[in-house]
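Written below as structure tokens is the structure these notes are about.
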Amino acid sequence: VAQAVWTRAVLAPPLCAASTRLDTSTAPLIQMAVSQEMTGLTLKDGSNMRDIFDLCQKHGLPSLAQGMIEFPPPQRLREIASKRVMEPGLHTYRTRMGEGEYRTALAALVRKVYGEENITPDNVLAVAGVAGGVSAALLHLRKQKPDCNFAVLEPSYTYHSHEVERAFGRFPVVIPALGQDAAPNWPELKRLVEANEVHGVIVTNPLNPTGKVYSSEEIHMLLGLADSHGLFVIFDECYLDMVFGGNKHVSPFITGLRDNVVACRGFSKCLGCQSWR
């Protein structure tokens, strides 16, 4: 399986560096108006974030169920895309793993921007969104280990649980967070892995909604479990380029490539092209 999973168009940074300033004096009025609008609205059991988004759109309400980027893609990117889409030969079936030119450009991008010198085009798989990358990794693992138990760390992205259920026909092992700051429960993950009760884990880094960026020690701990116990680690790094406040993203490829470590990355957040799948 490819170790670096990316999607959408190729553009070198600058990526996202914007701040939003809200008028807090109107917050109570907005809250009151939203509360009145939501009176009587219900969701069926098993509803996911897309159901919440659809309901909010129907009633003209803001949705906090998704990491919605409200800035459009950069104008230069839109200009390039508008020209490319007019090329007649572009709309046929494409190479299943991603066009060679595309994968080569991505390998060059991660070397230049993230210092991941060990990534080659053969390590890149083009997918339809980060969620599609997670699904591809899970389905690959199912072929190797159909009885695998996968874990998710709370708080988690709702689609991760659905993807695990679709791949393995059962729900993931949910590991509750610790304390008021919702810290990851690493001791419990280690216990489950060492007891052979969990064989894979999905880790979102940086983490929405807490904003946590995993430290070098935490990344090395996960890679250590991958080496010592064969733990299959899927990193959802959709917010890779949104790291602020002195934090630093640590690459899961810092000590080399592994067949059981996958990073899923995309451009929907950092370039605002959320509907370009």
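Every chain in the structure tokens takes a letter, A first, then B, and so on in the order presented; its residues are numbered from 1, and the ligands are numbered from 1 following the presented order.
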DSSP says helix (DSSP H, G or I) for which residues of segment 36-195 of chain A? Put them as a ChimeraX atom specification?
/A:36-38,49-59,75-84,88-91,100-114,121-123,130-144,158-168,186-194
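Atom CA of Ala108 of chain A lies 24.8 Å from atom CA of Tyr93 of chain A.
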Return the single residue from A:Gly98, A:Gly246, A:Pro146, A:Gly211 that is closest to Gly169 of chain A, with distances computed using only C-alpha atoms.
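For Gly169 of chain A, the nearest of the given residues is A:Pro146.
Once Gly132 of chain A and its same-chain neighbours fewer than 5 positions away are set aside, Val127, Ala137 and Cys264 of chain A remain within 9 Å of it when counting only C-alpha atoms.
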So, counting only C-alpha atoms, which residue among A:Leu207, A:Cys148, A:Val201, A:Ala107 is closest to Arg170 of chain A?
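The closest residue to Arg170 of chain A is A:Cys148.
Nearest residue to Leu138 of chain A, choosing from A:Pro176, A:Pro184, A:Gly200, A:Pro72 and counting only C-alpha atoms: A:Gly200.
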Find, counting only C-alpha atoms, the residue in A:Thr210, A:Pro155, A:Phe171, A:Lys58 that gets nearest to Asn185 of chain A.
A:Pro155
Which residues come within 9 Å of Lys212 of chain A, counting only C-alpha atoms, excluding same-chain residues fewer than 6 positions away, as a PyMOL selection string?
chain A and resi 183+205-206
Could you state the separation of atom CA of Glu188 of chain A and atom CA of Leu153 of chain A in Å, given to one decimal place?
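Between these atoms lies a distance of 10.1 Å.
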Enumerate, as a ChimeraX atom specification, the complete set of residues in segment 123-269 of chain A that a backbone-based DSSP assignment places in strand (DSSP E or B).
/A:124-126,150-153,173-175,178,183,200-204,232-236,261-264
For a test of reading the model, state the distance in Å between atom CA of Ile234 of chain A and atom CA of Val262 of chain A, rounded to one decimal.
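Taking atom CA of Ile234 of chain A as the start and atom CA of Val262 of chain A as the end point, the length is 4.9 Å.
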